[in-house]
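So this block is final.cif, mmCIF, C-alpha atoms:
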data_coords
#
loop_
_atom_site.label_atom_id
_atom_site.label_comp_id
_atom_site.auth_asym_id
_atom_site.auth_seq_id
_atom_site.Cartn_x
_atom_site.Cartn_y
_atom_site.Cartn_z
CA MET X 1 96.55 91.80 83.19
CA THR X 2 99.40 93.80 81.74
CA PHE X 3 101.01 96.91 83.06
CA LYS X 4 101.57 99.77 80.62
CA ILE X 5 103.69 102.88 81.04
CA ILE X 6 102.88 105.80 78.76
CA TYR X 7 105.68 108.36 78.95
CA PHE X 8 108.34 110.29 77.07
CA ASN X 9 111.52 108.55 76.01
CA VAL X 10 113.35 109.39 79.23
CA ARG X 11 114.09 107.84 82.58
CA GLY X 12 112.65 110.86 84.33
CA ARG X 13 109.82 110.04 86.67
CA CYS X 14 109.44 106.45 85.44
CA GLU X 15 112.76 104.74 85.92
CA ALA X 16 112.00 103.93 89.56
CA MET X 17 108.79 102.12 88.63
CA ARG X 18 110.63 100.32 85.81
CA MET X 19 113.25 99.09 88.30
CA LEU X 20 110.46 97.99 90.62
CA LEU X 21 108.66 96.05 87.90
CA ALA X 22 111.89 94.48 86.62
CA ASP X 23 112.97 93.46 90.11
CA GLN X 24 109.56 91.95 90.82
CA GLY X 25 109.75 89.89 87.63
CA ALA X 26 106.75 91.66 86.10
CA GLN X 27 106.24 92.27 82.40
CA TRP X 28 105.20 95.65 81.18
CA GLU X 29 104.62 97.56 77.95
CA GLU X 30 106.08 100.92 77.12
CA GLU X 31 104.16 103.39 74.99
CA VAL X 32 106.59 106.13 74.06
CA VAL X 33 105.18 109.60 73.53
CA THR X 34 107.27 111.83 71.30
CA PHE X 35 107.51 115.53 71.87
CA ASP X 36 105.54 116.21 68.65
CA VAL X 37 102.67 113.98 69.72
CA TRP X 38 102.61 115.66 73.12
CA GLN X 39 102.68 119.15 71.60
CA ALA X 40 99.65 118.28 69.47
CA GLY X 41 97.71 118.32 72.75
CA ASP X 42 95.10 115.57 72.33
CA LEU X 43 96.74 113.16 74.74
CA LYS X 44 97.48 115.90 77.28
CA LYS X 45 93.79 116.85 77.36
CA THR X 46 92.90 113.35 78.48
CA CYS X 47 95.43 113.26 81.33
CA ALA X 48 93.98 113.95 84.79
CA PHE X 49 96.48 116.73 85.52
CA GLY X 50 97.64 117.33 81.94
CA GLN X 51 100.86 115.42 82.58
CA LEU X 52 102.60 112.12 82.00
CA PRO X 53 103.28 109.43 83.08
CA LYS X 54 100.03 107.64 82.52
CA PHE X 55 99.84 104.10 83.84
CA CYS X 56 97.47 101.31 82.95
CA HIS X 57 96.72 97.99 84.57
CA GLY X 58 94.13 96.22 82.49
CA ASP X 59 91.45 98.86 82.04
CA PHE X 60 92.45 100.79 85.17
CA GLU X 61 94.16 104.10 84.33
CA MET X 62 95.99 106.43 86.64
CA TYR X 63 98.46 109.33 86.79
CA GLN X 64 101.06 110.84 89.17
CA SER X 65 104.34 108.93 89.37
CA ASN X 66 104.32 108.59 93.17
CA ALA X 67 100.71 107.38 93.19
CA ILE X 68 101.79 104.77 90.63
CA LEU X 69 104.68 103.68 92.87
CA ARG X 70 102.25 103.35 95.79
CA PHE X 71 99.81 101.36 93.66
CA LEU X 72 102.61 98.97 92.68
CA GLY X 73 103.72 98.95 96.31
CA ARG X 74 100.30 97.57 97.22
CA GLN X 75 100.17 95.12 94.29
CA PHE X 76 103.57 93.58 95.02
CA GLU X 77 103.61 93.93 98.83
CA LEU X 78 106.36 96.53 98.82
CA TYR X 79 104.72 98.76 101.43
CA GLY X 80 106.04 97.49 104.77
CA LYS X 81 104.50 95.05 107.22
CA THR X 82 102.58 97.45 109.46
CA HIS X 83 100.86 100.84 109.26
CA ARG X 84 103.86 102.42 110.95
CA GLU X 85 106.29 100.93 108.43
CA ALA X 86 104.00 102.06 105.61
CA ALA X 87 104.03 105.57 107.08
CA LEU X 88 107.84 105.65 107.24
CA ILE X 89 108.01 104.39 103.64
CA ASP X 90 105.68 107.24 102.64
CA MET X 91 107.83 109.68 104.59
CA VAL X 92 111.04 108.56 102.88
CA ASN X 93 109.39 108.65 99.46
CA ASP X 94 108.18 112.19 100.13
CA GLY X 95 111.71 113.20 101.12
CA ALA X 96 113.02 111.64 97.91
CA GLU X 97 110.37 113.51 95.93
CA ASP X 98 111.42 116.81 97.55
CA LEU X 99 115.01 116.24 96.39
CA ARG X 100 113.86 115.08 92.95
CA MET X 101 111.95 118.35 92.55
CA LYS X 102 115.11 120.32 93.39
CA TYR X 103 117.04 118.17 90.89
CA LEU X 104 114.48 118.76 88.15
CA THR X 105 114.53 122.51 88.76
CA LEU X 106 118.29 122.42 88.32
CA ILE X 107 118.14 120.30 85.16
CA TYR X 108 115.34 122.16 83.40
CA LYS X 109 115.65 125.73 84.66
CA GLU X 110 119.09 126.60 85.93
CA TYR X 111 121.67 123.99 85.00
CA GLU X 112 124.53 126.24 84.00
CA THR X 113 124.01 128.92 86.63
CA ALA X 114 123.15 126.77 89.64
CA LYS X 115 124.99 123.46 89.11
CA SER X 116 127.99 124.10 91.31
CA LYS X 117 125.93 125.49 94.20
CA TYR X 118 123.58 122.51 93.89
CA ILE X 119 126.49 120.10 94.20
CA GLU X 120 127.86 122.09 97.14
CA ASP X 121 124.51 121.89 98.95
CA LEU X 122 123.87 118.26 98.09
CA PRO X 123 125.38 116.78 101.28
CA SER X 124 122.91 118.78 103.36
CA HIS X 125 120.09 116.85 101.67
CA LEU X 126 121.75 113.44 101.40
CA LYS X 127 122.66 113.38 105.10
CA TYR X 128 119.03 112.76 106.05
CA PHE X 129 118.92 109.56 104.00
CA GLU X 130 122.26 108.40 105.43
CA CYS X 131 120.84 108.97 108.90
CA LEU X 132 117.62 107.06 108.13
CA LEU X 133 119.67 104.15 106.79
CA SER X 134 121.91 104.12 109.84
CA LYS X 135 118.85 103.80 112.08
CA ASN X 136 117.58 100.76 110.18
CA HIS X 137 119.67 97.66 110.94
CA GLY X 138 122.79 99.84 110.77
CA GLY X 139 122.18 100.56 107.08
CA SER X 140 122.77 96.99 106.03
CA GLY X 141 119.38 96.43 104.42
CA PHE X 142 116.64 98.64 103.08
CA ILE X 143 115.55 102.18 103.81
CA VAL X 144 112.61 101.05 106.00
CA GLY X 145 112.00 97.68 107.62
CA ASP X 146 113.56 94.45 106.52
CA GLN X 147 112.12 94.01 103.06
CA ILE X 148 112.36 96.11 99.92
CA SER X 149 109.71 98.79 99.38
CA PHE X 150 108.72 101.11 96.55
CA ALA X 151 110.66 103.86 98.33
CA ASP X 152 113.89 101.91 97.86
CA TYR X 153 113.51 101.86 94.07
CA ASN X 154 112.75 105.59 94.03
CA LEU X 155 115.63 106.48 96.35
CA VAL X 156 118.14 104.34 94.47
CA ASP X 157 117.11 105.89 91.13
CA LEU X 158 117.45 109.34 92.68
CA LEU X 159 120.92 108.56 94.06
CA MET X 160 122.06 107.08 90.74
CA ILE X 161 121.07 110.18 88.75
CA HIS X 162 122.92 112.28 91.31
CA GLN X 163 126.01 110.13 90.83
CA VAL X 164 125.80 110.99 87.13
CA LEU X 165 125.55 114.70 88.01
CA ALA X 166 128.41 114.55 90.51
CA ASN X 167 130.09 111.19 90.55
CA ASP X 168 131.56 111.36 94.03
CA CYS X 169 128.48 112.79 95.73
CA LEU X 170 128.23 109.72 97.97
CA LYS X 171 131.81 109.78 99.17
CA GLY X 172 130.82 111.23 102.56
CA PHE X 173 127.94 108.74 102.87
CA PRO X 174 129.29 105.20 103.15
CA LEU X 175 125.93 103.63 103.99
CA LEU X 176 124.22 105.21 100.98
CA LYS X 177 127.10 104.16 98.75
CA ALA X 178 126.89 100.54 99.89
CA TYR X 179 123.10 100.65 99.71
CA VAL X 180 123.08 101.75 96.06
CA SER X 181 125.59 99.00 95.14
CA ARG X 182 123.62 96.40 97.05
CA ILE X 183 120.27 97.22 95.46
CA CYS X 184 121.76 97.54 91.98
CA SER X 185 123.34 94.13 92.23
CA ARG X 186 120.04 92.36 92.84
CA PRO X 187 120.06 90.05 89.78
CA LYS X 188 116.96 91.38 88.01
CA ILE X 189 117.92 94.99 88.67
CA ALA X 190 121.45 94.37 87.43
CA ALA X 191 120.01 92.83 84.26
CA PHE X 192 117.65 95.77 83.80
CA LEU X 193 120.42 98.32 84.32
CA ALA X 194 122.56 96.46 81.76
CA SER X 195 119.75 96.38 79.20
CA ASP X 196 119.67 98.54 76.09
CA ASP X 197 116.23 99.77 77.16
CA HIS X 198 117.72 101.38 80.23
CA LYS X 199 121.10 102.38 78.86
CA LYS X 200 119.76 104.05 75.72
CA ARG X 201 117.09 106.02 77.56
CA PRO X 202 118.27 109.58 78.40
CA ILE X 203 117.86 110.58 82.03
CA ASN X 204 116.14 113.86 81.20
CA GLY X 205 114.29 115.38 78.27
CA ASN X 206 116.71 118.19 77.54
CA GLY X 207 119.91 116.16 77.32
CA LYS X 208 121.30 117.59 80.54
CA GLN X 209 122.49 115.41 83.37
CA MET L 210 94.18 103.90 121.80
CA THR L 211 95.74 106.70 119.80
CA ASN L 212 97.88 109.28 121.47
CA TYR L 213 98.60 111.74 118.70
CA GLU L 214 100.73 114.81 119.30
CA ILE L 215 101.41 117.25 116.49
CA TYR L 216 104.25 119.76 116.40
CA TYR L 217 103.95 122.69 113.99
CA PHE L 218 104.27 126.44 113.66
CA PRO L 219 101.30 128.64 114.60
CA VAL L 220 99.96 128.71 111.03
CA GLN L 221 97.68 126.67 108.78
CA GLY L 222 100.51 125.93 106.38
CA ARG L 223 100.91 122.24 105.75
CA ILE L 224 99.05 121.06 108.83
CA GLU L 225 95.53 122.42 108.59
CA SER L 226 94.28 119.48 106.47
CA THR L 227 95.42 117.16 109.25
CA TYR L 228 93.69 119.25 111.93
CA LEU L 229 90.49 119.15 109.82
CA LEU L 230 90.72 115.38 109.40
CA LEU L 231 91.22 114.71 113.12
CA THR L 232 88.54 117.19 114.16
CA ASP L 233 85.97 115.88 111.69
CA GLN L 234 86.65 112.29 112.71
CA GLY L 235 86.41 113.16 116.40
CA ILE L 236 89.94 111.89 117.05
CA PRO L 237 91.59 113.61 120.01
CA PHE L 238 95.09 115.00 119.61
CA LYS L 239 97.48 117.39 121.32
CA LYS L 240 98.80 120.46 119.48
CA HIS L 241 102.32 121.62 120.26
CA ILE L 242 102.74 125.11 118.84
CA VAL L 243 106.33 125.67 117.78
CA THR L 244 107.37 129.31 117.86
CA SER L 245 110.39 130.48 115.91
CA GLU L 246 112.20 130.78 119.21
CA ILE L 247 111.66 127.12 120.03
CA TRP L 248 112.51 126.08 116.48
CA GLY L 249 115.63 128.23 116.53
CA LYS L 250 117.00 126.20 119.46
CA GLY L 251 117.47 123.24 117.12
CA ASP L 252 116.64 120.26 119.36
CA LEU L 253 113.27 119.68 117.78
CA LYS L 254 114.66 120.13 114.27
CA GLU L 255 117.21 117.42 114.99
CA LYS L 256 114.41 115.00 115.87
CA CYS L 257 112.81 115.56 112.47
CA ALA L 258 113.69 113.11 109.70
CA PHE L 259 114.26 115.88 107.13
CA GLY L 260 114.82 118.76 109.53
CA GLN L 261 111.30 120.08 108.96
CA LEU L 262 107.89 120.28 110.59
CA PRO L 263 105.20 119.01 110.91
CA LEU L 264 105.99 116.15 113.24
CA LEU L 265 103.40 113.62 114.37
CA GLN L 266 104.10 111.57 117.47
CA ASP L 267 102.06 108.54 118.50
CA GLY L 268 103.66 107.20 121.64
CA GLU L 269 107.28 106.54 120.71
CA PHE L 270 106.48 106.56 116.96
CA LYS L 271 107.64 109.71 115.16
CA LEU L 272 106.56 110.69 111.65
CA ASN L 273 107.42 113.66 109.44
CA GLN L 274 106.19 114.86 106.01
CA SER L 275 102.67 116.28 105.96
CA ASN L 276 101.38 113.93 103.25
CA ALA L 277 102.84 110.86 105.00
CA ILE L 278 100.96 112.01 108.10
CA LEU L 279 97.71 112.31 106.12
CA ARG L 280 98.24 108.84 104.62
CA PHE L 281 99.04 107.31 108.02
CA LEU L 282 95.84 108.75 109.48
CA GLY L 283 93.98 107.67 106.33
CA ARG L 284 95.15 104.11 106.84
CA GLN L 285 94.54 104.03 110.58
CA HIS L 286 91.04 105.46 110.38
CA GLY L 287 89.53 104.06 107.17
CA LEU L 288 89.89 107.21 105.07
CA TYR L 289 91.79 105.68 102.14
CA GLY L 290 89.16 104.29 99.74
CA LYS L 291 87.58 100.85 99.79
CA ASP L 292 90.09 98.97 97.63
CA ASN L 293 93.46 99.29 95.90
CA LYS L 294 91.99 101.16 92.92
CA GLU L 295 90.29 103.76 95.11
CA ALA L 296 93.46 104.03 97.22
CA ALA L 297 95.46 104.71 94.03
CA LEU L 298 93.03 107.39 92.87
CA THR L 299 93.07 108.94 96.35
CA ASP L 300 96.87 109.07 96.17
CA MET L 301 96.69 110.55 92.68
CA VAL L 302 94.33 113.32 93.77
CA ASN L 303 96.42 114.09 96.86
CA ASP L 304 99.52 114.40 94.70
CA GLY L 305 97.66 116.84 92.46
CA VAL L 306 96.61 118.82 95.54
CA ASP L 307 100.21 118.90 96.74
CA ASP L 308 101.44 120.12 93.34
CA LEU L 309 99.06 123.09 93.50
CA ARG L 310 99.90 123.69 97.16
CA THR L 311 103.58 123.91 96.22
CA LYS L 312 102.75 126.52 93.54
CA TYR L 313 100.68 128.40 96.13
CA PHE L 314 103.54 128.47 98.64
CA LYS L 315 105.93 129.66 95.95
CA LEU L 316 103.57 132.56 95.30
CA ILE L 317 103.08 133.35 98.99
CA TYR L 318 106.72 133.13 100.04
CA SER L 319 108.70 134.10 96.94
CA ASP L 320 106.57 135.95 94.49
CA TYR L 321 103.46 137.47 96.03
CA ASP L 322 103.53 141.06 94.84
CA ILE L 323 104.86 140.40 91.34
CA GLY L 324 103.30 137.04 90.69
CA LYS L 325 99.80 137.31 92.19
CA GLN L 326 97.98 138.55 89.11
CA GLN L 327 99.40 135.88 86.82
CA TYR L 328 98.77 133.20 89.44
CA ILE L 329 95.11 134.16 89.59
CA LYS L 330 94.94 134.17 85.78
CA ASP L 331 96.43 130.67 85.64
CA LEU L 332 94.33 129.33 88.50
CA PRO L 333 91.35 128.07 86.47
CA GLY L 334 93.70 125.75 84.55
CA CYS L 335 94.91 124.37 87.89
CA LEU L 336 91.41 123.95 89.34
CA SER L 337 89.71 122.39 86.33
CA PRO L 338 91.33 118.96 86.85
CA PHE L 339 89.61 118.77 90.24
CA GLU L 340 86.26 119.86 88.77
CA LYS L 341 86.64 117.10 86.15
CA LEU L 342 87.56 114.50 88.76
CA LEU L 343 84.52 115.46 90.82
CA GLN L 344 82.28 115.27 87.78
CA LYS L 345 83.53 111.77 86.98
CA ASN L 346 82.68 110.61 90.51
CA ARG L 347 78.91 110.42 90.89
CA ASN L 348 78.62 113.76 89.07
CA GLY L 349 80.28 115.64 91.88
CA SER L 350 77.59 114.84 94.43
CA SER L 351 79.89 112.92 96.76
CA PHE L 352 83.58 113.01 97.63
CA ILE L 353 86.63 113.38 95.44
CA VAL L 354 87.09 109.59 95.18
CA GLY L 355 84.50 106.94 95.99
CA ASP L 356 81.51 107.46 98.22
CA LYS L 357 83.28 107.94 101.53
CA ILE L 358 85.42 110.81 102.76
CA SER L 359 89.19 110.30 102.44
CA PHE L 360 92.32 112.13 103.58
CA ALA L 361 92.49 113.68 100.09
CA ASP L 362 89.13 115.40 100.66
CA TYR L 363 90.42 117.23 103.76
CA ASN L 364 93.54 118.26 101.86
CA LEU L 365 91.65 119.42 98.76
CA PHE L 366 89.03 121.23 100.84
CA GLN L 367 91.69 123.13 102.78
CA LEU L 368 93.56 124.01 99.59
CA LEU L 369 90.38 125.41 98.07
CA GLN L 370 89.68 127.38 101.27
CA VAL L 371 93.04 129.17 101.13
CA HIS L 372 92.50 129.92 97.45
CA LEU L 373 89.09 131.42 98.25
CA VAL L 374 90.89 133.77 100.62
CA LEU L 375 93.42 134.65 97.92
CA THR L 376 90.73 135.29 95.32
CA PRO L 377 87.14 134.92 96.58
CA ASP L 378 85.50 134.16 93.24
CA CYS L 379 87.99 131.54 92.04
CA LEU L 380 85.29 128.87 92.09
CA LYS L 381 82.72 130.85 90.12
CA ASP L 382 83.19 128.72 87.01
CA PHE L 383 83.46 125.47 88.95
CA PRO L 384 79.99 124.70 90.28
CA LEU L 385 80.86 121.21 91.45
CA LEU L 386 83.89 122.40 93.43
CA LYS L 387 81.81 125.24 94.87
CA ALA L 388 79.10 122.86 96.05
CA TYR L 389 81.73 120.40 97.30
CA VAL L 390 83.39 123.06 99.46
CA SER L 391 80.00 124.06 100.95
CA ARG L 392 79.13 120.46 101.60
CA ILE L 393 82.39 119.67 103.42
CA ALA L 394 82.26 122.97 105.32
CA SER L 395 78.82 122.17 106.64
CA ARG L 396 79.74 118.82 108.15
CA PRO L 397 78.83 119.50 111.82
CA ARG L 398 82.28 119.16 113.39
CA ILE L 399 83.96 121.04 110.56
CA LYS L 400 81.37 123.81 110.75
CA ALA L 401 81.94 124.20 114.48
CA TYR L 402 85.70 124.17 113.96
CA LEU L 403 85.64 126.79 111.18
CA ASP L 404 83.53 128.99 113.48
CA SER L 405 85.97 128.63 116.37
CA ASP L 406 88.26 131.40 117.57
CA GLU L 407 91.15 128.96 117.47
CA TYR L 408 90.72 128.43 113.73
CA LYS L 409 89.88 132.02 112.90
CA SER L 410 92.86 133.40 114.77
CA ARG L 411 95.41 131.11 113.10
CA PRO L 412 97.22 132.81 110.19
CA ILE L 413 97.21 130.86 106.93
CA ASN L 414 100.89 131.52 106.25
CA ALA L 415 103.91 132.57 108.28
CA ASN L 416 104.64 135.82 106.48
CA GLY L 417 101.19 137.34 106.89
CA LYS L 418 100.42 137.09 103.19
CA GLN L 419 97.30 135.40 101.93
#
Output the file's structure as structure tokens, nothing else.
Amino acid sequence: MTFKIIYFNVRGRCEAMRMLLADQGAQWEEEVVTFDVWQAGDLKKTCAFGQLPKFCHGDFEMYQSNAILRFLGRQFELYGKTHREAALIDMVNDGAEDLRMKYLTLIYKEYETAKSKYIEDLPSHLKYFECLLSKNHGGSGFIVGDQISFADYNLVDLLMIHQVLANDCLKGFPLLKAYVSRICSRPKIAAFLASDDHKKRPINGNGKQ
Amino acid sequence: MTNYEIYYFPVQGRIESTYLLLTDQGIPFKKHIVTSEIWGKGDLKEKCAFGQLPLLQDGEFKLNQSNAILRFLGRQHGLYGKDNKEAALTDMVNDGVDDLRTKYFKLIYSDYDIGKQQYIKDLPGCLSPFEKLLQKNRNGSSFIVGDKISFADYNLFQLLQVHLVLTPDCLKDFPLLKAYVSRIASRPRIKAYLDSDEYKSRPINANGKQ
């Protein structure tokens, strides 16, 4: 059964799941929705919350990017080994989502006016992830436990888009810096990040980054 | 043997869904009410993964993020659908609930006086996805996903309750949601809880607005 991602031509809320699928050696289809098609409204009406991404696995359809990550987490055993590990993975993913929301508000609503304050405040948000890493095998592995989880793909994507926004944002966070390098050099992720598919896809829909 | 302890401010906020879940399931837990004085000291905040409450403790295990807490309890107590597909739909619904909850908090804490009217005008568009989801599941006669209660039901129910306080006829055009709320509210332990002084005396939000 194939996986299908239906989304705009951006990295946005889908690049994490793309990294996950690539790293897990899975094949997937992309159905790109242009702005014009979306504006027409017919597709939007069919979406559970009027939003993309939409995700299909065979005839199973679902929405909400983090629900999709969790679904893939279950499919590929990227959800920890115990209930407690699963809970910590959820917790980290929720923390990543909180920061992603702040990032998206900056990008889409207040880029020019709020960018420098956002960058100034960024360490106060990143420090929590540095701390979580330090508590897990001294930051030498993954964000939770000793195998990769869906939260790792989401967190790495989030950190990478922040490095584009402010390229030395990880300089005070050596564990996060090493973590991003380590995950990105996993062979299938490295290949995905080097691909035209990834490189040609804008991070956000309005050209800002 | 569970040994849950929950730390939160003396409000419904982001914890009431969890209280409803535990109460309805008959799972004992200890409530630690965190006043602003206690919070201001900083020691508890430092124990929290993202510097925020709520915090759930189970023995030496510590967990933050209200939705991670709901999911943990969902997993531990069989409130997460019967298979991966139902689990995914449960997650999807909970994410939709959280999106609306975030809008609600923005209104309450940042925008109440200026934004209330528009919020109420826009509310039907935010509620109709849940009416549709209910309709697609056994025509709304059961739970939000599947035929068993899940953590997403407690969260959705509580979200609808606070909206009914904000605007008491917000469900008038959503008969399935209206019936769903009544049905959940009349589950014996939930009914007793909603009638309790403890519940009735807890403010919904920290700034007195609702």
Exercise. Contacts of L:Gly268 at 9 Å or less, counting all atoms listed in the file, minus same-chain residues fewer than 5 places along, as a list in words?
Worked result: Thr211, Asn212, Tyr213 and Glu214 of chain L
For this session: Taking all atoms listed in the file into account, report as a list in words which residues of chain X lie within 6 Å of chain L.
Result: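 Residues passing the distance filter: Phe49, Gln64, Ala67, Phe71, Ala87, Asp90, Met91 and Tyr128 of chain X.
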For this session: Would you list the residues near (103.5, 96.1, 95.7) (no more than 12 Å away, in the coordinates of the file, using only C-alpha atoms) as an MDAnalysis selection string?
Result: (chainID X and resid 17 20:21 23:26 67:81 86 147:151 153) or (chainID L and resid 293 297)
So that I have them on file, write out the residues from the current selection with C-alpha atoms, as a short mmCIF file (atom, residue, chain, number, x, y, z; two decimals), in the coordinates of the input.
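Okay, this is what ended up in again_35.cif:
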data_model
loop_
_atom_site.label_atom_id
_atom_site.label_comp_id
_atom_site.auth_asym_id
_atom_site.auth_seq_id
_atom_site.Cartn_x
_atom_site.Cartn_y
_atom_site.Cartn_z
CA MET X 17 108.79 102.12 88.63
CA LEU X 20 110.46 97.99 90.62
CA LEU X 21 108.66 96.05 87.90
CA ASP X 23 112.97 93.46 90.11
CA GLN X 24 109.56 91.95 90.82
CA GLY X 25 109.75 89.89 87.63
CA ALA X 26 106.75 91.66 86.10
CA ALA X 67 100.71 107.38 93.19
CA ILE X 68 101.79 104.77 90.63
CA LEU X 69 104.68 103.68 92.87
CA ARG X 70 102.25 103.35 95.79
CA PHE X 71 99.81 101.36 93.66
CA LEU X 72 102.61 98.97 92.68
CA GLY X 73 103.72 98.95 96.31
CA ARG X 74 100.30 97.57 97.22
CA GLN X 75 100.17 95.12 94.29
CA PHE X 76 103.57 93.58 95.02
CA GLU X 77 103.61 93.93 98.83
CA LEU X 78 106.36 96.53 98.82
CA TYR X 79 104.72 98.76 101.43
CA GLY X 80 106.04 97.49 104.77
CA LYS X 81 104.50 95.05 107.22
CA ALA X 86 104.00 102.06 105.61
CA GLN X 147 112.12 94.01 103.06
CA ILE X 148 112.36 96.11 99.92
CA SER X 149 109.71 98.79 99.38
CA PHE X 150 108.72 101.11 96.55
CA ALA X 151 110.66 103.86 98.33
CA TYR X 153 113.51 101.86 94.07
CA ASN L 293 93.46 99.29 95.90
CA ALA L 297 95.46 104.71 94.03
#
Exercise. Mind pulling up the distance from atom CA of L:Leu332 to atom CA of L:Leu380?
Worked result: 9.7 Å
For this session: Starting from the displayed file, determine the output of the PyMOL selection byres ((chain L and resi 389) around 9) and express the residue list as a PyMOL selection string.
Result: chain L and resi 343+349-353+366+384-388+390-394
Problem set entry | atom CA of L:Leu229 to atom CA of X:Arg84, straight-line distance in Å |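 Spanning atom CA of X:Arg84 to atom CA of L:Leu229 is a straight-line distance of 21.4 Å.
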Exercise. Which neighbours of L:Asn414 fall inside 7 Å, counting all atoms listed in the file, when residues of the same chain fewer than 6 positions from it are skipped, and could you give them as a list in words?
Worked result: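 Close residues of L:Asn414: Val220, Gln221 and Gly222 of chain L.
Our summary of the geometry notes that atom CA of X:Leu155 is positioned 15.1 Å from atom CA of X:Asn136.
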Exercise. Which is closest to X:Asn204 among X:Leu122, X:Ala96, X:Val164, X:Leu133, if we use all atoms listed in the file?
Worked result: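 Using all atoms listed in the file, X:Asn204 sits closest to X:Val164.
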For this session: Would you kindly return, as a VMD selection string, each protein, DNA or RNA residue with an atom no farther than 12 Å from any atom of X:Gly141, considering only C-alpha atoms and excluding same-chain residues fewer than 4 positions away?
Result: chain X and resid 132 to 137 145 to 149 152 175 to 176 178 to 183
For this session: Find, counting only C-alpha atoms, the residue in L:Ser245, L:Gly251, L:Lys240, L:Val306 that gets nearest to L:Phe360.
Result: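 Ranked by minimum distance to L:Phe360, first place goes to L:Val306.
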For this session: Would you please work out which residue, of X:Val144, X:Gly58, X:Tyr63, X:Leu193, is nearest to X:Lys44 when using all atoms listed in the file?
Result: X:Tyr63
Exercise. Which residues match the PyMOL selection byres ((chain L and resi 232-234) around 9) in the file above, as an NGL selection string?
Worked result: :L and (227-231 or 235-238 or 286 or 396-399 or 402)
Give me a file of those residues, with C-alpha atoms, as a PDB file, in the coordinates of the input.
ATOM      1  CA  THR L 227      95.420 117.160 109.250  1.00  0.00           C
ATOM      2  CA  TYR L 228      93.690 119.250 111.930  1.00  0.00           C
ATOM      3  CA  LEU L 229      90.490 119.150 109.820  1.00  0.00           C
ATOM      4  CA  LEU L 230      90.720 115.380 109.400  1.00  0.00           C
ATOM      5  CA  LEU L 231      91.220 114.710 113.120  1.00  0.00           C
ATOM      6  CA  GLY L 235      86.410 113.160 116.400  1.00  0.00           C
ATOM      7  CA  ILE L 236      89.940 111.890 117.050  1.00  0.00           C
ATOM      8  CA  PRO L 237      91.590 113.610 120.010  1.00  0.00           C
ATOM      9  CA  PHE L 238      95.090 115.000 119.610  1.00  0.00           C
ATOM     10  CA  HIS L 286      91.040 105.460 110.380  1.00  0.00           C
ATOM     11  CA  ARG L 396      79.740 118.820 108.150  1.00  0.00           C
ATOM     12  CA  PRO L 397      78.830 119.500 111.820  1.00  0.00           C
ATOM     13  CA  ARG L 398      82.280 119.160 113.390  1.00  0.00           C
ATOM     14  CA  ILE L 399      83.960 121.040 110.560  1.00  0.00           C
ATOM     15  CA  TYR L 402      85.700 124.170 113.960  1.00  0.00           C
TER      16      TYR L 402
END
